[in-house]
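A.B. asks: The following block contains the structure, expressed as structure tokens.
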Amino acid sequence: MVVSHIQSRAAIIAPRNGITLPTNRKAYSPQHGCRYRPRLMTNQERIVTRVHNEVEQRTGEATDEEKPFLDELRQYAMKLHTREQAPAEGQAEAPKDQKPFVPTKQGYLRFMEESKIVYDAFETIVASDPTYEGLRNNGLERGDALAEDIQYAVNTWGLTACSPSADSPGAQYASLLRELSESSPPAFICHYYNYYFAHTAGGRMIGKQVSEAVLDGWLGKFYQWEGNVRDHLDKVREVLNAMATGWSQQEKTACLEETPKTFQMSGSLLRLIAEQ
């Protein structure tokens with residue numbers, strides 16, 4: 001039986017059998033009398049009260065088996081944010097000598113070009129490796145969208161497209177992903193989760209700020225998804241959690257401990273936006 005708490009009007013709802021009782025325990029105390037007269041049988045009332053007490057005692061004590069792995073991965077990642085980035089969960093110290101972030105059109109074009117290399121690597125690996133078959137065609141793919149946006153930026157603003165070198169930030173990241181996809185799938189999944197999911201959250205905020213600052217309000221296809229992106233994310237969460245159920249504790253730890261590297265690699269791309 002599942003018991004959930006509803007703050008409005010302080011009620012306890014037991015959804016499975018529709019039992020609704022006030023939370024004021026004095027109403028049921030022999031010392032205070034019964035101000036409310038429940039319409040339920042006494043035995044049912046006792047069951048609900050007992051379950052409610054058990055849930056209160058077990059609050060926050062879910063076992064590792066009950067807790068989806070992505071919850072743990074998200075918590076691990078959020079602790080690596082600063083208080084400014086994540087006021088409720090961030091624990092990292094903000095850099096003391098942080099340079100002002102001043103975006104430019106040419107820098108944003110470079111960011112898109114390097115990001116496309118990374119997304120193409122992710123999506124090629126997923127399309128060709130059976131290990132990641134569940135992540136195919138999930139609606140989060142960004143490679144094609146970036147191709148359109150790069151062409152738009154070149155045509156609209158007269159910018160010069162670059163040919164990224166073999167040691168560019170995007171190329172280095174893509175090389176790492178190809179290596180991890182074979183040597184450590186859990187570590188690869190850490191990058192996949194943080195890279196794709198961050199783009200739908202903080203990435204969108206950065207995109208909006210850059211758009212308003214130097215792109216004349218243009219956001220492009222990169223920040224648009226076909227269908228409801230929340231639905232896409234929910235489905236991908238299910239796939240990733242299902243994959244993690246087959247991992248050993250050592251593999252789960254490898255996934256968690258790869259998180260700082262994902263921040264380092266994605267950060268090297270974001271900094272390109274401020275290039276002159």
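Lettering and numbering for the structure tokens are positional, with chains as A, B, ... in the shown order, residues counted from 1 in each chain, and ligands counted from 1 in the shown order.
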Fewer than 4 positions away in the same chain doesn't count, so skip those; otherwise give me all residues within 12 Å of His81 (chain A), counting only C-alpha atoms, as a ChimeraX atom specification.
C.D. replies: /A:74-77,85-95,202,259-260,263
A.B. asks: Got time to write the residues from that selection, N, CA and C atoms, as a short mmCIF file (atom, residue, chain, number, x, y, z; two decimals), in the first residue's frame?
C.D. replies:
data_model
loop_
_atom_site.label_atom_id
_atom_site.label_comp_id
_atom_site.auth_asym_id
_atom_site.auth_seq_id
_atom_site.Cartn_x
_atom_site.Cartn_y
_atom_site.Cartn_z
N ARG A 74 22.62 11.88 -10.81
CA ARG A 74 22.25 13.31 -10.82
C ARG A 74 22.76 14.00 -9.55
N GLN A 75 22.56 13.37 -8.40
CA GLN A 75 23.02 13.96 -7.14
C GLN A 75 24.53 14.15 -7.14
N TYR A 76 25.23 13.17 -7.68
CA TYR A 76 26.68 13.25 -7.77
C TYR A 76 27.08 14.46 -8.63
N ALA A 77 26.39 14.63 -9.76
CA ALA A 77 26.70 15.72 -10.67
C ALA A 77 26.37 17.08 -10.06
N GLN A 85 25.44 28.17 -9.47
CA GLN A 85 24.83 27.36 -10.52
C GLN A 85 23.65 26.55 -10.01
N ALA A 86 23.78 26.01 -8.80
CA ALA A 86 22.74 25.17 -8.21
C ALA A 86 22.62 25.52 -6.72
N PRO A 87 21.86 26.55 -6.39
CA PRO A 87 21.79 27.04 -5.01
C PRO A 87 21.43 25.97 -3.97
N ALA A 88 20.58 25.04 -4.33
CA ALA A 88 20.11 24.05 -3.35
C ALA A 88 21.07 22.89 -3.17
N GLU A 89 21.83 22.53 -4.23
CA GLU A 89 22.62 21.31 -4.19
C GLU A 89 24.10 21.49 -4.48
N GLY A 90 24.48 22.63 -5.07
CA GLY A 90 25.87 22.83 -5.44
C GLY A 90 26.79 22.90 -4.24
N GLN A 91 27.97 22.30 -4.36
CA GLN A 91 28.94 22.29 -3.27
C GLN A 91 30.34 22.73 -3.71
N ALA A 92 30.56 22.85 -5.00
CA ALA A 92 31.89 23.23 -5.49
C ALA A 92 32.13 24.72 -5.28
N GLU A 93 33.40 25.07 -5.08
CA GLU A 93 33.75 26.47 -4.93
C GLU A 93 33.82 27.14 -6.30
N ALA A 94 33.33 28.36 -6.38
CA ALA A 94 33.39 29.10 -7.63
C ALA A 94 34.83 29.53 -7.91
N PRO A 95 35.26 29.51 -9.18
CA PRO A 95 36.62 29.96 -9.51
C PRO A 95 36.84 31.39 -9.05
N GLY A 202 20.56 23.54 -18.36
CA GLY A 202 21.46 24.69 -18.34
C GLY A 202 21.90 25.12 -19.72
N THR A 259 32.07 11.58 -13.80
CA THR A 259 31.34 12.85 -13.88
C THR A 259 32.24 14.07 -14.01
N PRO A 260 33.28 14.23 -13.18
CA PRO A 260 34.14 15.41 -13.35
C PRO A 260 34.72 15.55 -14.75
N PHE A 263 32.29 17.19 -17.10
CA PHE A 263 32.26 18.64 -16.90
C PHE A 263 33.46 19.31 -17.58
#
A.B. asks: Which residues are near region 123-133 of chain A? Cut-off 8 Å, only C-alpha atoms, ignore same chain within fewer than 5 positions. Put them as a ChimeraX atom specification.
C.D. replies: /A:141,143,178,181
A.B. asks: Take the selection from the previous step and output its residues with all heavy atoms, as a tab-separated table (two decimals), in the first residue's frame.
C.D. replies:
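Full text of out.tsv as output:
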chain	number	residue	atom	x	y	z
A	141	GLU	N	18.63	13.53	-30.35
A	141	GLU	CA	19.77	13.69	-31.27
A	141	GLU	C	19.90	15.15	-31.72
A	141	GLU	O	18.90	15.80	-32.01
A	141	GLU	CB	19.59	12.79	-32.50
A	141	GLU	CG	19.62	11.30	-32.18
A	141	GLU	CD	18.28	10.73	-31.71
A	141	GLU	OE1	17.29	11.49	-31.68
A	141	GLU	OE2	18.23	9.54	-31.36
A	143	GLY	N	22.83	16.20	-33.92
A	143	GLY	CA	23.77	16.38	-35.03
A	143	GLY	C	23.16	17.08	-36.23
A	143	GLY	O	23.74	18.04	-36.77
A	178	ARG	N	34.74	7.39	-28.12
A	178	ARG	CA	34.91	6.13	-28.87
A	178	ARG	C	35.69	5.11	-28.03
A	178	ARG	O	35.37	3.91	-28.02
A	178	ARG	CB	35.62	6.41	-30.20
A	178	ARG	CG	34.71	7.08	-31.23
A	178	ARG	CD	35.38	7.14	-32.59
A	178	ARG	NE	36.43	8.13	-32.64
A	178	ARG	CZ	36.25	9.40	-33.02
A	178	ARG	NH1	35.03	9.82	-33.36
A	178	ARG	NH2	37.26	10.24	-33.05
A	181	SER	N	33.36	3.92	-25.05
A	181	SER	CA	32.22	3.11	-25.48
A	181	SER	C	32.58	1.64	-25.55
A	181	SER	O	31.71	0.77	-25.38
A	181	SER	CB	31.70	3.59	-26.83
A	181	SER	OG	32.64	3.32	-27.87
A.B. asks: What does the structure give for the distance between CA of Glu257 (chain A) and CA of His199 (chain A), in Å to one decimal?
C.D. replies: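 Result for CA of Glu257 (chain A) versus CA of His199 (chain A): 20.5 Å, one decimal.
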A.B. asks: Please determine, counting only C-alpha atoms, which residue among A:Phe101, A:Val118, A:Leu73, A:His232 has the shortest atom-to-atom distance to Gln172 (chain A).
C.D. replies: A:Val118
A.B. asks: Using only C-alpha atoms, which of the listed residues (A:Tyr119, A:Tyr152, A:Phe197, A:Tyr108) sits closest to Gly170 (chain A)?
C.D. replies: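 Selected residue with least distance to Gly170 (chain A): A:Tyr119.
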A.B. asks: Name the closest residue to Asp71 (chain A) among the candidates A:Trp247, A:Asp231, A:Glu238, A:Met205; distances are taken between atoms, counting only C-alpha atoms.
C.D. replies: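 Of A:Trp247, A:Asp231, A:Glu238, A:Met205, the one nearest Asp71 (chain A) is A:Glu238, counting only C-alpha atoms.
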A.B. asks: Hey, what's within 8 Å of Val229 (chain A) if we count only C-alpha atoms and toss same-chain stuff fewer than 4 positions away? As a list in words, please?
C.D. replies: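 Non-adjacent residues within range: Gly139, Leu140, Thr200, Trp225 and Leu233 of chain A.
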A.B. asks: With only C-alpha atoms as the atoms that count, which of A:Ser266, A:Gln151, A:Ser165, A:Gln250 lies nearest to Lys221 (chain A)?
C.D. replies: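 Among the listed residues, A:Gln151 lies closest to Lys221 (chain A).
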A.B. asks: Could you please determine the separation between CA of Arg136 (chain A) and CA of Val239 (chain A) in Å, to one decimal place?
C.D. replies: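 One can read the CA of Arg136 (chain A) to CA of Val239 (chain A) distance as 10.5 Å.
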A.B. asks: Out of A:Val102, A:Leu109, A:Val236, A:Leu256, which residue has the shortest atom-to-atom distance to Ser163 (chain A) when counting only C-alpha atoms?
C.D. replies: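 Closest candidate: A:Leu109.
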A.B. asks: Using CA of Leu180 (chain A) and CA of Lys252 (chain A) as the two end points, give the distance in Å to one decimal.
C.D. replies: 14.4 Å
A.B. asks: Extract, using only C-alpha atoms, all DNA, RNA and protein residues at most 6 Å from region 190-195 of chain A, discarding same-chain residues fewer than 3 positions from it, and format them as a ChimeraX atom specification.
C.D. replies: /A:187,198,255,262
A.B. asks: Would you mind listing what lies within 8 Å of Gln106 (chain A) as a PDB file with C-alpha atoms, in the first residue's frame, with only C-alpha atoms counted and same-chain residues fewer than 6 positions away left out?
C.D. replies:
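Once written, out.pdb looks like this:
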ATOM      1  CA  LEU A 159      30.984  34.040 -40.963  1.00  0.00           C
ATOM      2  CA  THR A 160      33.748  31.715 -42.057  1.00  0.00           C
ATOM      3  CA  ILE A 273      31.557  30.804 -27.343  1.00  0.00           C
ATOM      4  CA  GLU A 275      36.381  33.344 -28.605  1.00  0.00           C
ATOM      5  CA  GLN A 276      37.108  36.411 -30.680  1.00  0.00           C
TER       6      GLN A 276
END
